[in-house]
Amino acid sequence: MTSPTLDSDPSESRYRFDRVQRWLHWIMAALIVVAIALGAISSFLPAGHQPRQGILEIHKSLGFTIFALLIVRVVWRLVAGEPLYRAPLGRLTHLASRAGHVALYGLMLFMPVTGYLYSAPGGFSLPWFGLFQWPRLLAHDDNLSALGKLLHDRGGWVIAVVVAVHLAAVAWHQWIKRDEVLSRMTG
């Protein structure tokens with residue numbers, strides 16, 4: 001006789017995020033890591049030349065994709081909710097977790113918006129993987145573009161640090177506390 005998987009056992013599934021939330025989490029995590037890496041790499045290359053231009057086209061496409069997935073993810077989270085914990089987190093751990101997730105969600109919104117504020121009024125491309133250009137909803141404005149660039153560049157450092165702290169917290173939960181935090185998001 002085989003044992004049921006967590007997804008097929010209703011008593012276990014209430015302690016895990018549903019399949020859609022898990023997929024959105026891991027896809028977005030991968031896209032964010034790649035977008036951060038491409039943004040960092042492009043900053044060391046000469047402006048206006050290849051391969052920087054091509055790297056930034058992919059970076060922007062990933063940013064638009066992350067923004068679209070963020071909308072889906074937030075709506076789905078509101079509909080599906082959050083799973084229970086078998087053993088509740090301590091008060092401080094729970095507050096730190098909430099603060100970290102608010103920061104991550106805020107940055108997942110902040111980065112594409114500031115990237116758009118940099119590119120659209122600056123007259124730069126707004127690509128989606130070479131298939132089309134997103135609409136330019138802002139008139140040419142060098143000052144707004146410069147502000148978008150400043151905010152996006154600073155935000156890049158902030159999101160890199162917040163992602164690193166998030167990963168450190170996951171490692172702490174998995175290998176030090178040995179609790180169920182990671183298993184809630186794994187399939």
# chains A, B, ... in the order shown; residues from 1 in each chain; ligands from 1

call {"tool": "residues_around", "arguments": {"residues": "Leu69 of chain A", "least_positions_apart": "5", "cutoff": "12 Å", "atoms": "only C-alpha atoms", "output": "ChimeraX atom specification"}}
result
/A:20-21,23-29,31-32,62-64,74-77,105,108-109,112

call {"tool": "atom_distance", "arguments": {"atom1": "atom CA of Leu104 of chain A", "atom2": "atom CA of Val162 of chain A"}}
result
6.9 Å

call {"tool": "select_by_dssp", "arguments": {"residues": "chain A", "states": "strand (DSSP E)", "output": "PDB file with C-alpha atoms, in the first residue's frame"}}
result
ATOM      1  CA  PRO A 127      10.346  45.238 -24.740  1.00  0.00           C
ATOM      2  CA  TRP A 128       8.769  41.952 -23.952  1.00  0.00           C
ATOM      3  CA  PHE A 132       6.277  43.627 -28.747  1.00  0.00           C
ATOM      4  CA  GLN A 133       6.924  46.931 -27.002  1.00  0.00           C
TER       5      GLN A 133
END

call {"tool": "residues_around", "arguments": {"residues": "Leu144 of chain A", "least_positions_apart": "2", "cutoff": "8 Å", "atoms": "only C-alpha atoms", "output": "list of chain:residue names"}}
result
A:Leu117, A:Tyr118, A:Pro121, A:Gly122, A:Asp141, A:Asp142, A:Ala146, A:Leu147, A:Gly148

call {"tool": "select_by_dssp", "arguments": {"residues": "chain A", "states": "alpha helix (DSSP H)", "output": "JSON, numbers by chain"}}
result
{"A": [10, 11, 12, 13, 19, 20, 21, 22, 23, 24, 25, 26, 27, 28, 29, 30, 31, 32, 33, 34, 35, 36, 37, 38, 39, 40, 41, 42, 52, 53, 54, 55, 56, 57, 58, 59, 60, 61, 62, 63, 64, 65, 66, 67, 68, 69, 70, 71, 72, 73, 74, 75, 76, 77, 78, 79, 80, 91, 92, 93, 94, 95, 96, 97, 98, 99, 100, 101, 102, 103, 104, 105, 106, 107, 108, 109, 110, 111, 112, 113, 114, 115, 116, 117, 118, 119, 120, 121, 122, 142, 143, 144, 145, 146, 147, 148, 149, 150, 151, 152, 153, 154, 155, 156, 157, 158, 159, 160, 161, 162, 163, 164, 165, 166, 167, 168, 169, 170, 171]}

call {"tool": "write_last_selection", "arguments": {"atoms": "C-alpha atoms", "output": "short mmCIF file (atom, residue, chain, number, x, y, z; two decimals), in the first residue's frame"}}
result
data_model
loop_
_atom_site.label_atom_id
_atom_site.label_comp_id
_atom_site.auth_asym_id
_atom_site.auth_seq_id
_atom_site.Cartn_x
_atom_site.Cartn_y
_atom_site.Cartn_z
CA PRO A 10 -6.50 16.70 2.81
CA SER A 11 -5.23 16.64 6.39
CA GLU A 12 -1.70 17.48 5.18
CA SER A 13 -2.54 19.90 2.38
CA ARG A 19 0.12 24.12 -6.10
CA VAL A 20 -0.59 27.44 -7.89
CA GLN A 21 0.99 29.48 -5.08
CA ARG A 22 4.03 27.20 -4.98
CA TRP A 23 4.53 27.43 -8.75
CA LEU A 24 4.15 31.21 -8.72
CA HIS A 25 6.61 31.49 -5.84
CA TRP A 26 9.33 29.40 -7.48
CA ILE A 27 8.91 30.84 -10.98
CA MET A 28 9.01 34.38 -9.64
CA ALA A 29 11.99 33.57 -7.41
CA ALA A 30 13.94 32.32 -10.42
CA LEU A 31 12.94 35.32 -12.55
CA ILE A 32 13.89 37.77 -9.79
CA VAL A 33 17.31 36.19 -9.25
CA VAL A 34 18.01 36.26 -13.00
CA ALA A 35 16.76 39.87 -13.30
CA ILE A 36 19.01 40.97 -10.41
CA ALA A 37 22.00 39.18 -11.95
CA LEU A 38 21.40 40.66 -15.41
CA GLY A 39 20.94 44.15 -13.96
CA ALA A 40 24.19 43.82 -12.02
CA ILE A 41 26.09 42.47 -15.04
CA SER A 42 24.80 45.23 -17.31
CA ARG A 52 24.62 45.43 -22.58
CA GLN A 53 21.68 46.37 -24.81
CA GLY A 54 20.62 42.75 -25.26
CA ILE A 55 21.04 42.00 -21.56
CA LEU A 56 18.88 45.00 -20.65
CA GLU A 57 16.21 43.92 -23.14
CA ILE A 58 15.97 40.59 -21.31
CA HIS A 59 16.17 42.33 -17.91
CA LYS A 60 13.24 44.61 -18.81
CA SER A 61 11.23 41.71 -20.24
CA LEU A 62 11.73 39.81 -16.99
CA GLY A 63 10.65 42.91 -15.04
CA PHE A 64 7.40 43.18 -16.98
CA THR A 65 6.81 39.44 -16.51
CA ILE A 66 7.44 39.69 -12.76
CA PHE A 67 5.00 42.60 -12.55
CA ALA A 68 2.27 40.64 -14.36
CA LEU A 69 2.87 37.54 -12.25
CA LEU A 70 2.80 39.66 -9.10
CA ILE A 71 -0.76 40.75 -9.91
CA VAL A 72 -1.80 37.12 -10.47
CA ARG A 73 0.01 36.04 -7.30
CA VAL A 74 -1.59 38.66 -5.07
CA VAL A 75 -5.08 37.94 -6.40
CA TRP A 76 -4.58 34.18 -6.03
CA ARG A 77 -3.23 34.61 -2.49
CA LEU A 78 -6.31 36.63 -1.54
CA VAL A 79 -8.52 33.86 -2.95
CA ALA A 80 -6.59 30.80 -1.69
CA ARG A 91 5.84 36.22 18.03
CA LEU A 92 9.15 37.79 16.98
CA THR A 93 9.71 35.23 14.20
CA HIS A 94 6.17 35.81 12.94
CA LEU A 95 6.68 39.60 12.90
CA ALA A 96 10.04 39.25 11.12
CA SER A 97 8.45 36.92 8.58
CA ARG A 98 5.60 39.34 7.90
CA ALA A 99 8.00 42.30 7.60
CA GLY A 100 10.22 40.36 5.21
CA HIS A 101 7.30 39.33 3.02
CA VAL A 102 5.88 42.88 2.96
CA ALA A 103 9.34 44.10 1.89
CA LEU A 104 9.59 41.44 -0.84
CA TYR A 105 6.12 42.13 -2.23
CA GLY A 106 6.72 45.88 -2.06
CA LEU A 107 10.01 45.51 -3.93
CA MET A 108 8.42 43.20 -6.53
CA LEU A 109 6.14 46.15 -7.29
CA PHE A 110 8.71 48.93 -6.80
CA MET A 111 11.35 47.53 -9.15
CA PRO A 112 9.22 47.18 -12.32
CA VAL A 113 7.51 50.52 -11.66
CA THR A 114 10.81 52.39 -11.22
CA GLY A 115 12.27 50.54 -14.22
CA TYR A 116 9.34 51.78 -16.26
CA LEU A 117 9.80 55.32 -14.84
CA TYR A 118 13.40 55.17 -16.01
CA SER A 119 12.77 53.74 -19.47
CA ALA A 120 9.47 55.23 -20.66
CA PRO A 121 10.13 58.95 -20.12
CA GLY A 122 13.79 58.42 -21.04
CA ASP A 142 14.64 63.55 -18.61
CA ASN A 143 14.14 64.53 -14.96
CA LEU A 144 11.54 61.82 -14.35
CA SER A 145 13.75 59.30 -16.14
CA ALA A 146 16.73 60.29 -13.96
CA LEU A 147 14.61 59.87 -10.84
CA GLY A 148 13.41 56.47 -12.08
CA LYS A 149 17.01 55.44 -12.72
CA LEU A 150 18.14 56.54 -9.26
CA LEU A 151 15.27 54.74 -7.54
CA HIS A 152 15.67 51.61 -9.66
CA ASP A 153 19.43 51.45 -9.09
CA ARG A 154 19.07 51.89 -5.31
CA GLY A 155 16.14 49.47 -5.25
CA GLY A 156 18.31 46.88 -7.00
CA TRP A 157 20.69 46.89 -4.05
CA VAL A 158 17.81 46.75 -1.58
CA ILE A 159 16.06 43.83 -3.27
CA ALA A 160 19.36 41.92 -3.50
CA VAL A 161 19.85 42.35 0.26
CA VAL A 162 16.23 41.45 1.09
CA VAL A 163 16.41 38.32 -1.09
CA ALA A 164 19.68 37.33 0.61
CA VAL A 165 18.09 37.81 4.06
CA HIS A 166 15.06 35.80 2.91
CA LEU A 167 17.32 32.94 1.81
CA ALA A 168 19.26 33.13 5.09
CA ALA A 169 15.97 32.94 7.02
CA VAL A 170 14.91 29.88 5.01
CA ALA A 171 18.27 28.23 5.76
#

call {"tool": "atom_distance", "arguments": {"atom1": "atom CA of Leu84 of chain A", "atom2": "atom CA of Tyr15 of chain A"}}
result
5.0 Å

call {"tool": "residues_around", "arguments": {"residues": "Phe17 of chain A", "least_positions_apart": "4", "cutoff": "6 Å", "atoms": "only C-alpha atoms", "output": "ChimeraX atom specification"}}
result
/A:21,83,184-185
